[in-house]
file query28.cif (mmCIF, C-alpha atoms; chains and numbers go by the auth columns)
data_protein
loop_
_atom_site.group_PDB
_atom_site.id
_atom_site.type_symbol
_atom_site.label_atom_id
_atom_site.label_comp_id
_atom_site.label_asym_id
_atom_site.label_seq_id
_atom_site.Cartn_x
_atom_site.Cartn_y
_atom_site.Cartn_z
_atom_site.B_iso_or_equiv
_atom_site.auth_seq_id
_atom_site.auth_asym_id
ATOM 1 C CA MET A 1 87.998 -82.191 -71.162 0.00 1 A
ATOM 2 C CA ILE A 2 89.571 -84.589 -68.686 0.00 2 A
ATOM 3 C CA SER A 3 87.242 -87.582 -68.117 0.00 3 A
ATOM 4 C CA GLU A 4 87.277 -90.890 -66.312 0.00 4 A
ATOM 5 C CA PRO A 5 86.241 -94.031 -68.187 0.00 5 A
ATOM 6 C CA ALA A 6 82.516 -94.746 -67.832 0.00 6 A
ATOM 7 C CA ASN A 7 82.102 -97.427 -65.193 0.00 7 A
ATOM 8 C CA GLY A 8 79.097 -96.218 -63.209 0.00 8 A
ATOM 9 C CA GLN A 9 76.049 -98.299 -62.428 0.00 9 A
ATOM 10 C CA GLU A 10 72.386 -97.644 -63.004 0.00 10 A
ATOM 11 C CA GLY A 11 71.019 -95.597 -60.111 0.00 11 A
ATOM 12 C CA ASP A 12 74.322 -93.848 -59.363 0.00 12 A
ATOM 13 C CA PHE A 13 73.926 -90.205 -58.363 0.00 13 A
ATOM 14 C CA HIS A 14 75.677 -87.883 -60.824 0.00 14 A
ATOM 15 C CA PHE A 15 75.833 -84.085 -60.659 0.00 15 A
ATOM 16 C CA SER A 16 77.593 -81.212 -62.419 0.00 16 A
ATOM 17 C CA GLY A 17 78.457 -77.629 -61.637 0.00 17 A
ATOM 18 C CA TYR A 18 81.205 -75.038 -61.450 0.00 18 A
ATOM 19 C CA ALA A 19 83.890 -75.503 -58.786 0.00 19 A
ATOM 20 C CA SER A 20 85.493 -72.153 -59.643 0.00 20 A
ATOM 21 C CA LEU A 21 84.563 -69.132 -61.764 0.00 21 A
ATOM 22 C CA PHE A 22 87.242 -67.246 -63.676 0.00 22 A
ATOM 23 C CA SER A 23 88.046 -63.601 -62.883 0.00 23 A
ATOM 24 C CA ILE A 24 85.311 -63.310 -60.243 0.00 24 A
ATOM 25 C CA ALA A 25 86.415 -62.372 -56.732 0.00 25 A
ATOM 26 C CA ASP A 26 85.750 -64.856 -53.959 0.00 26 A
ATOM 27 C CA LEU A 27 84.998 -63.822 -50.375 0.00 27 A
ATOM 28 C CA SER A 28 88.714 -63.218 -49.707 0.00 28 A
ATOM 29 C CA ASN A 29 88.903 -61.120 -52.904 0.00 29 A
ATOM 30 C CA ASP A 30 91.077 -63.678 -54.741 0.00 30 A
ATOM 31 C CA ARG A 31 90.380 -64.216 -58.450 0.00 31 A
ATOM 32 C CA VAL A 32 91.222 -67.408 -60.336 0.00 32 A
ATOM 33 C CA MET A 33 92.418 -66.581 -63.837 0.00 33 A
ATOM 34 C CA MET A 34 91.509 -68.531 -66.973 0.00 34 A
ATOM 35 C CA GLY A 35 93.999 -71.339 -67.562 0.00 35 A
ATOM 36 C CA ALA A 36 95.076 -71.524 -63.908 0.00 36 A
ATOM 37 C CA PHE A 37 94.177 -75.227 -63.663 0.00 37 A
ATOM 38 C CA HIS A 38 95.591 -76.359 -67.011 0.00 38 A
ATOM 39 C CA ARG A 39 98.940 -77.807 -65.900 0.00 39 A
ATOM 40 C CA SER A 40 97.502 -79.402 -62.778 0.00 40 A
ATOM 41 C CA LEU A 41 94.741 -81.144 -64.741 0.00 41 A
ATOM 42 C CA GLN A 42 97.251 -82.389 -67.300 0.00 42 A
ATOM 43 C CA THR A 43 99.541 -83.708 -64.562 0.00 43 A
ATOM 44 C CA ARG A 44 97.013 -85.196 -62.134 0.00 44 A
ATOM 45 C CA GLY A 45 94.189 -86.121 -64.476 0.00 45 A
ATOM 46 C CA VAL A 46 90.607 -86.476 -63.285 0.00 46 A
ATOM 47 C CA THR A 47 91.400 -89.514 -61.109 0.00 47 A
ATOM 48 C CA GLY A 48 94.076 -87.548 -59.236 0.00 48 A
ATOM 49 C CA ILE A 49 91.618 -84.920 -57.973 0.00 49 A
ATOM 50 C CA ARG A 50 89.725 -86.064 -54.870 0.00 50 A
ATOM 51 C CA MET A 51 86.064 -85.407 -54.045 0.00 51 A
ATOM 52 C CA LEU A 52 85.713 -84.609 -50.341 0.00 52 A
ATOM 53 C CA TRP A 53 83.113 -83.301 -47.925 0.00 53 A
ATOM 54 C CA ASN A 54 84.158 -79.914 -46.477 0.00 54 A
ATOM 55 C CA HIS A 55 87.841 -80.330 -47.461 0.00 55 A
ATOM 56 C CA ASP A 56 88.238 -83.180 -44.944 0.00 56 A
ATOM 57 C CA PRO A 57 90.677 -85.841 -46.241 0.00 57 A
ATOM 58 C CA ALA A 58 89.002 -88.338 -43.891 0.00 58 A
ATOM 59 C CA GLU A 59 85.668 -87.773 -45.727 0.00 59 A
ATOM 60 C CA PRO A 60 85.977 -88.915 -49.364 0.00 60 A
ATOM 61 C CA ILE A 61 82.456 -89.053 -50.805 0.00 61 A
ATOM 62 C CA GLY A 62 82.778 -89.878 -54.493 0.00 62 A
ATOM 63 C CA VAL A 63 84.771 -89.421 -57.671 0.00 63 A
ATOM 64 C CA TRP A 64 85.037 -86.729 -60.296 0.00 64 A
ATOM 65 C CA THR A 65 84.192 -88.129 -63.717 0.00 65 A
ATOM 66 C CA ALA A 66 84.965 -85.011 -65.762 0.00 66 A
ATOM 67 C CA ILE A 67 86.848 -81.781 -65.065 0.00 67 A
ATOM 68 C CA ASP A 68 87.240 -79.099 -67.705 0.00 68 A
ATOM 69 C CA GLU A 69 88.227 -75.456 -67.951 0.00 69 A
ATOM 70 C CA ASP A 70 85.749 -73.597 -70.151 0.00 70 A
ATOM 71 C CA ALA A 71 85.205 -69.880 -70.762 0.00 71 A
ATOM 72 C CA ARG A 72 83.274 -69.495 -67.482 0.00 72 A
ATOM 73 C CA GLY A 73 85.385 -71.516 -65.055 0.00 73 A
ATOM 74 C CA LEU A 74 86.204 -75.003 -63.816 0.00 74 A
ATOM 75 C CA ARG A 75 83.298 -77.221 -64.907 0.00 75 A
ATOM 76 C CA VAL A 76 83.003 -80.531 -63.048 0.00 76 A
ATOM 77 C CA THR A 77 80.874 -83.652 -63.144 0.00 77 A
ATOM 78 C CA GLY A 78 80.980 -86.170 -60.334 0.00 78 A
ATOM 79 C CA ARG A 79 79.417 -89.283 -58.908 0.00 79 A
ATOM 80 C CA LEU A 80 78.715 -89.956 -55.236 0.00 80 A
ATOM 81 C CA THR A 81 79.982 -93.351 -54.089 0.00 81 A
ATOM 82 C CA ARG A 82 77.389 -95.936 -53.082 0.00 82 A
ATOM 83 C CA GLY A 83 77.738 -97.450 -49.629 0.00 83 A
ATOM 84 C CA VAL A 84 79.329 -94.359 -48.070 0.00 84 A
ATOM 85 C CA THR A 85 77.064 -93.031 -45.317 0.00 85 A
ATOM 86 C CA ARG A 86 77.999 -89.389 -45.893 0.00 86 A
ATOM 87 C CA SER A 87 77.384 -89.771 -49.654 0.00 87 A
ATOM 88 C CA SER A 88 73.862 -91.070 -49.035 0.00 88 A
ATOM 89 C CA ALA A 89 73.111 -88.121 -46.760 0.00 89 A
ATOM 90 C CA LEU A 90 74.592 -85.675 -49.288 0.00 90 A
ATOM 91 C CA ARG A 91 72.496 -87.121 -52.095 0.00 91 A
ATOM 92 C CA ALA A 92 69.335 -86.302 -50.134 0.00 92 A
ATOM 93 C CA LEU A 93 70.647 -82.821 -49.253 0.00 93 A
ATOM 94 C CA ILE A 94 71.609 -82.083 -52.876 0.00 94 A
ATOM 95 C CA GLU A 95 68.225 -83.253 -54.144 0.00 95 A
ATOM 96 C CA ASP A 96 66.551 -80.863 -51.653 0.00 96 A
ATOM 97 C CA ARG A 97 69.015 -78.061 -52.595 0.00 97 A
ATOM 98 C CA ALA A 98 70.068 -77.878 -48.934 0.00 98 A
ATOM 99 C CA VAL A 99 73.710 -78.358 -50.021 0.00 99 A
ATOM 100 C CA ASP A 100 74.908 -77.090 -53.393 0.00 100 A
ATOM 101 C CA GLY A 101 78.295 -75.441 -52.797 0.00 101 A
ATOM 102 C CA LEU A 102 81.582 -76.465 -54.403 0.00 102 A
ATOM 103 C CA SER A 103 85.019 -75.398 -53.212 0.00 103 A
ATOM 104 C CA ILE A 104 88.557 -76.032 -54.436 0.00 104 A
ATOM 105 C CA GLY A 105 91.501 -77.202 -52.329 0.00 105 A
ATOM 106 C CA PHE A 106 94.797 -76.204 -53.921 0.00 106 A
ATOM 107 C CA HIS A 107 98.364 -75.004 -53.608 0.00 107 A
ATOM 108 C CA THR A 108 99.140 -71.651 -55.228 0.00 108 A
ATOM 109 C CA VAL A 109 101.914 -72.060 -57.823 0.00 109 A
ATOM 110 C CA ARG A 110 101.847 -68.542 -59.254 0.00 110 A
ATOM 111 C CA ALA A 111 99.902 -65.430 -58.236 0.00 111 A
ATOM 112 C CA ASP A 112 100.257 -61.680 -58.168 0.00 112 A
ATOM 113 C CA ARG A 113 98.595 -58.768 -56.385 0.00 113 A
ATOM 114 C CA PRO A 114 97.187 -56.006 -58.561 0.00 114 A
ATOM 115 C CA LYS A 115 98.401 -52.520 -57.627 0.00 115 A
ATOM 116 C CA GLY A 116 96.020 -50.832 -55.232 0.00 116 A
ATOM 117 C CA GLY A 117 93.847 -53.936 -54.980 0.00 117 A
ATOM 118 C CA SER A 118 93.275 -56.412 -52.228 0.00 118 A
ATOM 119 C CA GLY A 119 93.356 -60.115 -52.911 0.00 119 A
ATOM 120 C CA ARG A 120 95.370 -62.067 -55.439 0.00 120 A
ATOM 121 C CA ARG A 121 95.126 -63.015 -59.098 0.00 121 A
ATOM 122 C CA LEU A 122 95.689 -66.786 -59.068 0.00 122 A
ATOM 123 C CA ILE A 123 97.526 -67.480 -62.314 0.00 123 A
ATOM 124 C CA GLU A 124 98.521 -71.116 -61.740 0.00 124 A
ATOM 125 C CA ILE A 125 97.023 -73.517 -59.223 0.00 125 A
ATOM 126 C CA ASP A 126 97.956 -77.064 -58.243 0.00 126 A
ATOM 127 C CA LEU A 127 94.475 -78.520 -57.683 0.00 127 A
ATOM 128 C CA TRP A 128 94.346 -81.268 -55.044 0.00 128 A
ATOM 129 C CA GLU A 129 90.653 -81.686 -54.362 0.00 129 A
ATOM 130 C CA ILE A 130 87.175 -80.297 -54.932 0.00 130 A
ATOM 131 C CA SER A 131 84.770 -80.429 -52.015 0.00 131 A
ATOM 132 C CA LEU A 132 81.045 -80.271 -51.604 0.00 132 A
ATOM 133 C CA VAL A 133 80.381 -77.589 -48.994 0.00 133 A
ATOM 134 C CA ALA A 134 77.479 -75.724 -47.456 0.00 134 A
ATOM 135 C CA PHE A 135 79.173 -72.315 -47.815 0.00 135 A
ATOM 136 C CA PRO A 136 81.618 -71.943 -50.728 0.00 136 A
ATOM 137 C CA MET A 137 84.316 -69.268 -50.625 0.00 137 A
ATOM 138 C CA GLN A 138 83.240 -68.306 -54.139 0.00 138 A
ATOM 139 C CA PRO A 139 79.466 -67.797 -53.842 0.00 139 A
ATOM 140 C CA GLY A 140 78.846 -68.710 -57.500 0.00 140 A
ATOM 141 C CA ALA A 141 80.634 -72.070 -57.249 0.00 141 A
ATOM 142 C CA ARG A 142 77.579 -74.321 -57.154 0.00 142 A
ATOM 143 C CA ILE A 143 76.087 -77.598 -58.274 0.00 143 A
ATOM 144 C CA ASP A 144 73.682 -77.054 -61.149 0.00 144 A
ATOM 145 C CA PRO A 145 70.024 -76.982 -60.118 0.00 145 A
ATOM 146 C CA PRO A 146 67.983 -79.961 -61.260 0.00 146 A
ATOM 147 C CA PRO A 147 65.939 -79.434 -64.416 0.00 147 A
ATOM 148 C CA LEU A 148 62.393 -78.219 -63.901 0.00 148 A
ATOM 149 C CA PRO A 149 59.814 -80.984 -64.238 0.00 149 A
ATOM 150 C CA VAL A 150 57.792 -80.921 -67.431 0.00 150 A
ATOM 151 C CA GLN A 151 54.041 -80.975 -66.915 0.00 151 A
ATOM 152 C CA PRO A 152 52.517 -83.051 -69.715 0.00 152 A
ATOM 153 C CA PHE A 153 49.192 -82.155 -71.279 0.00 153 A
ATOM 154 C CA LEU A 154 46.699 -84.881 -70.539 0.00 154 A
ATOM 155 C CA PRO A 155 43.901 -85.909 -72.903 0.00 155 A
ATOM 156 C CA GLY A 156 41.069 -83.420 -72.510 0.00 156 A
ATOM 157 C CA ASP A 157 43.325 -80.583 -71.256 0.00 157 A
ATOM 158 C CA GLN A 158 42.446 -77.284 -72.855 0.00 158 A
ATOM 159 C CA ALA A 159 45.160 -74.678 -73.374 0.00 159 A
ATOM 160 C CA THR A 160 43.768 -71.228 -72.624 0.00 160 A
ATOM 161 C CA PRO A 161 45.592 -67.926 -72.097 0.00 161 A
ATOM 162 C CA ALA A 162 45.059 -68.330 -68.345 0.00 162 A
ATOM 163 C CA THR A 163 46.540 -71.859 -68.235 0.00 163 A
ATOM 164 C CA LEU A 164 49.545 -70.895 -70.362 0.00 164 A
ATOM 165 C CA GLN A 165 50.646 -68.040 -68.087 0.00 165 A
ATOM 166 C CA PRO A 166 53.571 -68.751 -65.752 0.00 166 A
ATOM 167 C CA ALA A 167 52.386 -69.536 -62.232 0.00 167 A
ATOM 168 C CA HIS A 168 54.899 -67.095 -60.688 0.00 168 A
ATOM 169 C CA LEU A 169 53.272 -63.966 -62.178 0.00 169 A
ATOM 170 C CA SER A 170 51.656 -61.706 -59.589 0.00 170 A
ATOM 171 C CA GLN A 171 48.023 -60.595 -59.748 0.00 171 A
ATOM 172 C CA THR A 172 49.224 -57.246 -61.117 0.00 172 A
ATOM 173 C CA SER A 173 51.243 -59.013 -63.806 0.00 173 A
ATOM 174 C CA HIS A 174 48.200 -61.131 -64.733 0.00 174 A
ATOM 175 C CA ALA A 175 46.031 -57.987 -65.017 0.00 175 A
ATOM 176 C CA LEU A 176 48.704 -56.207 -67.089 0.00 176 A
ATOM 177 C CA HIS A 177 49.099 -59.268 -69.323 0.00 177 A
ATOM 178 C CA ALA A 178 45.315 -59.529 -69.802 0.00 178 A
ATOM 179 C CA SER A 179 45.101 -55.807 -70.623 0.00 179 A
ATOM 180 C CA HIS A 180 47.913 -56.029 -73.210 0.00 180 A
ATOM 181 C CA THR A 181 46.463 -59.232 -74.682 0.00 181 A
ATOM 182 C CA ALA A 182 43.068 -57.554 -75.115 0.00 182 A
ATOM 183 C CA LYS A 183 44.774 -54.636 -76.907 0.00 183 A
ATOM 184 C CA GLY A 184 46.743 -56.996 -79.172 0.00 184 A
ATOM 185 C CA HIS A 185 50.176 -56.166 -77.711 0.00 185 A
ATOM 186 C CA PHE A 186 51.194 -59.825 -77.288 0.00 186 A
#
call {"tool": "encode", "arguments": {"input": "query28.cif", "output": "structure tokens"}}
result
Amino acid sequence: MISEPANGQEGDFHFSGYASLFSIADLSNDRVMMGAFHRSLQTRGVTGIRMLWNHDPAEPIGVWTAIDEDARGLRVTGRLTRGVTRSSALRALIEDRAVDGLSIGFHTVRADRPKGGSGRRLIEIDLWEISLVAFPMQPGARIDPPPLPVQPFLPGDQATPATLQPAHLSQTSHALHASHTAKGHF
């Protein structure tokens, strides 16, 4: 993992996600192959990869604190910079899940085209920047959703089969669950 030294402040807005997914076609049918970022990350390091809004070099919005290739893709963690108007707006949009896309800006070093296929296999990439975007070219390149809030049991709460059932189950699911519970299936 390539990481920046910890120098954030309390209250900074941190987020993580995948900026690229290996071997999955993007909307132009290109596929980034595992290991494609290795040399670039070794050369540039985490501080050499910019965080931008919509690939605009005039819109830096924060810093990447960790960038790592894992089995799934390019895993990133970043921090929005305080005092930048766009960063403040993006924090609110990310918290509301109105913006959650990530997109890579790069130069292709080595690629090939599979026989009979459209698109490229990107074998080596020189990564310049990773942007927050509304619509990523690779639909699965997203900021992780926030964790679900935990509802604590308060003194006097009574756990019953009805209160332990997930709220998203439909009426039919509730009836089916009740029927199976009565018959001892659960």
call {"tool": "resolve_selection", "arguments": {"input": "query28.cif", "expression": "the PyMOL selection byres ((chain A and resi 35-39) around 10)", "output": "ChimeraX atom specification"}}
result
/A:22,32-34,40-45,67-71,73-74,106,108-111,121-127
call {"tool": "write_last_selection", "arguments": {"input": "query28.cif", "atoms": "C-alpha atoms", "output": "PDB file, in the coordinates of the input"}}
result
ATOM      1  CA  PHE A  22      87.242 -67.246 -63.676  1.00  0.00           C
ATOM      2  CA  VAL A  32      91.222 -67.408 -60.336  1.00  0.00           C
ATOM      3  CA  MET A  33      92.418 -66.581 -63.837  1.00  0.00           C
ATOM      4  CA  MET A  34      91.509 -68.531 -66.973  1.00  0.00           C
ATOM      5  CA  SER A  40      97.502 -79.402 -62.778  1.00  0.00           C
ATOM      6  CA  LEU A  41      94.741 -81.144 -64.741  1.00  0.00           C
ATOM      7  CA  GLN A  42      97.251 -82.389 -67.300  1.00  0.00           C
ATOM      8  CA  THR A  43      99.541 -83.708 -64.562  1.00  0.00           C
ATOM      9  CA  ARG A  44      97.013 -85.196 -62.134  1.00  0.00           C
ATOM     10  CA  GLY A  45      94.189 -86.121 -64.476  1.00  0.00           C
ATOM     11  CA  ILE A  67      86.848 -81.781 -65.065  1.00  0.00           C
ATOM     12  CA  ASP A  68      87.240 -79.099 -67.705  1.00  0.00           C
ATOM     13  CA  GLU A  69      88.227 -75.456 -67.951  1.00  0.00           C
ATOM     14  CA  ASP A  70      85.749 -73.597 -70.151  1.00  0.00           C
ATOM     15  CA  ALA A  71      85.205 -69.880 -70.762  1.00  0.00           C
ATOM     16  CA  GLY A  73      85.385 -71.516 -65.055  1.00  0.00           C
ATOM     17  CA  LEU A  74      86.204 -75.003 -63.816  1.00  0.00           C
ATOM     18  CA  PHE A 106      94.797 -76.204 -53.921  1.00  0.00           C
ATOM     19  CA  THR A 108      99.140 -71.651 -55.228  1.00  0.00           C
ATOM     20  CA  VAL A 109     101.914 -72.060 -57.823  1.00  0.00           C
ATOM     21  CA  ARG A 110     101.847 -68.542 -59.254  1.00  0.00           C
ATOM     22  CA  ALA A 111      99.902 -65.430 -58.236  1.00  0.00           C
ATOM     23  CA  ARG A 121      95.126 -63.015 -59.098  1.00  0.00           C
ATOM     24  CA  LEU A 122      95.689 -66.786 -59.068  1.00  0.00           C
ATOM     25  CA  ILE A 123      97.526 -67.480 -62.314  1.00  0.00           C
ATOM     26  CA  GLU A 124      98.521 -71.116 -61.740  1.00  0.00           C
ATOM     27  CA  ILE A 125      97.023 -73.517 -59.223  1.00  0.00           C
ATOM     28  CA  ASP A 126      97.956 -77.064 -58.243  1.00  0.00           C
ATOM     29  CA  LEU A 127      94.475 -78.520 -57.683  1.00  0.00           C
TER      30      LEU A 127
END
call {"tool": "closest_residue", "arguments": {"input": "query28.cif", "among": "A:Ser87, A:Thr77, A:Thr65, A:Asn54", "to": "Ala134 in chain A", "atoms": "only C-alpha atoms"}}
result
A:Asn54
call {"tool": "closest_residue", "arguments": {"input": "query28.cif", "among": "A:Ala19, A:Asp12, A:Val76, A:Pro146", "to": "Asp96 in chain A", "atoms": "all atoms listed in the file"}}
result
A:Pro146
call {"tool": "closest_residue", "arguments": {"input": "query28.cif", "among": "A:Glu129, A:Pro145, A:Ile104, A:Pro114", "to": "Ser20 in chain A", "atoms": "all atoms listed in the file"}}
result
A:Ile104
call {"tool": "atom_distance", "arguments": {"input": "query28.cif", "atom1": "CA of Gly78 in chain A", "atom2": "CA of Val46 in chain A"}}
result
10.1 Å
call {"tool": "atom_distance", "arguments": {"input": "query28.cif", "atom1": "CA of Arg72 in chain A", "atom2": "CA of Phe13 in chain A"}}
result
24.5 Å
call {"tool": "atom_distance", "arguments": {"input": "query28.cif", "atom1": "CA of Leu93 in chain A", "atom2": "CA of Gly17 in chain A"}}
result
15.5 Å
call {"tool": "residues_around", "arguments": {"input": "query28.cif", "residues": "Ser88 in chain A", "least_positions_apart": "6", "cutoff": "12 Å", "atoms": "all atoms listed in the file", "output": "ChimeraX atom specification"}}
result
/A:12-13,61-62,79-82,94-95
call {"tool": "write_last_selection", "arguments": {"input": "query28.cif", "atoms": "C-alpha atoms", "output": "short mmCIF file (atom, residue, chain, number, x, y, z; two decimals), in the coordinates of the input"}}
result
data_model
loop_
_atom_site.label_atom_id
_atom_site.label_comp_id
_atom_site.auth_asym_id
_atom_site.auth_seq_id
_atom_site.Cartn_x
_atom_site.Cartn_y
_atom_site.Cartn_z
CA ASP A 12 74.32 -93.85 -59.36
CA PHE A 13 73.93 -90.20 -58.36
CA ILE A 61 82.46 -89.05 -50.80
CA GLY A 62 82.78 -89.88 -54.49
CA ARG A 79 79.42 -89.28 -58.91
CA LEU A 80 78.72 -89.96 -55.24
CA THR A 81 79.98 -93.35 -54.09
CA ARG A 82 77.39 -95.94 -53.08
CA ILE A 94 71.61 -82.08 -52.88
CA GLU A 95 68.22 -83.25 -54.14
#
call {"tool": "closest_residue", "arguments": {"input": "query28.cif", "among": "A:Asn29, A:Gly105, A:Ser16, A:Asp56", "to": "Gln138 in chain A", "atoms": "all atoms listed in the file"}}
result
A:Asn29
call {"tool": "closest_residue", "arguments": {"input": "query28.cif", "among": "A:Leu21, A:Val84, A:Leu27, A:Leu52", "to": "Gly119 in chain A", "atoms": "all atoms listed in the file"}}
result
A:Leu27
call {"tool": "resolve_selection", "arguments": {"input": "query28.cif", "expression": "the PyMOL selection byres ((chain A and resi 101) around 7)", "output": "PyMOL selection string"}}
result
chain A and resi 99-100+102-103+132-136+141-143
call {"tool": "write_last_selection", "arguments": {"input": "query28.cif", "atoms": "C-alpha atoms", "output": "compact mmCIF listing (two decimals), in the frame of the given file"}}
result
# COMPACT_ATOMS: atom_id res chain seq x y z
CA VAL A 99 73.71 -78.36 -50.02
CA ASP A 100 74.91 -77.09 -53.39
CA LEU A 102 81.58 -76.46 -54.40
CA SER A 103 85.02 -75.40 -53.21
CA LEU A 132 81.04 -80.27 -51.60
CA VAL A 133 80.38 -77.59 -48.99
CA ALA A 134 77.48 -75.72 -47.46
CA PHE A 135 79.17 -72.32 -47.82
CA PRO A 136 81.62 -71.94 -50.73
CA ALA A 141 80.63 -72.07 -57.25
CA ARG A 142 77.58 -74.32 -57.15
CA ILE A 143 76.09 -77.60 -58.27
call {"tool": "closest_residue", "arguments": {"input": "query28.cif", "among": "A:Ile49, A:Ala98, A:Ala66, A:Leu90", "to": "Tyr18 in chain A", "atoms": "all atoms listed in the file"}}
result
A:Ala66
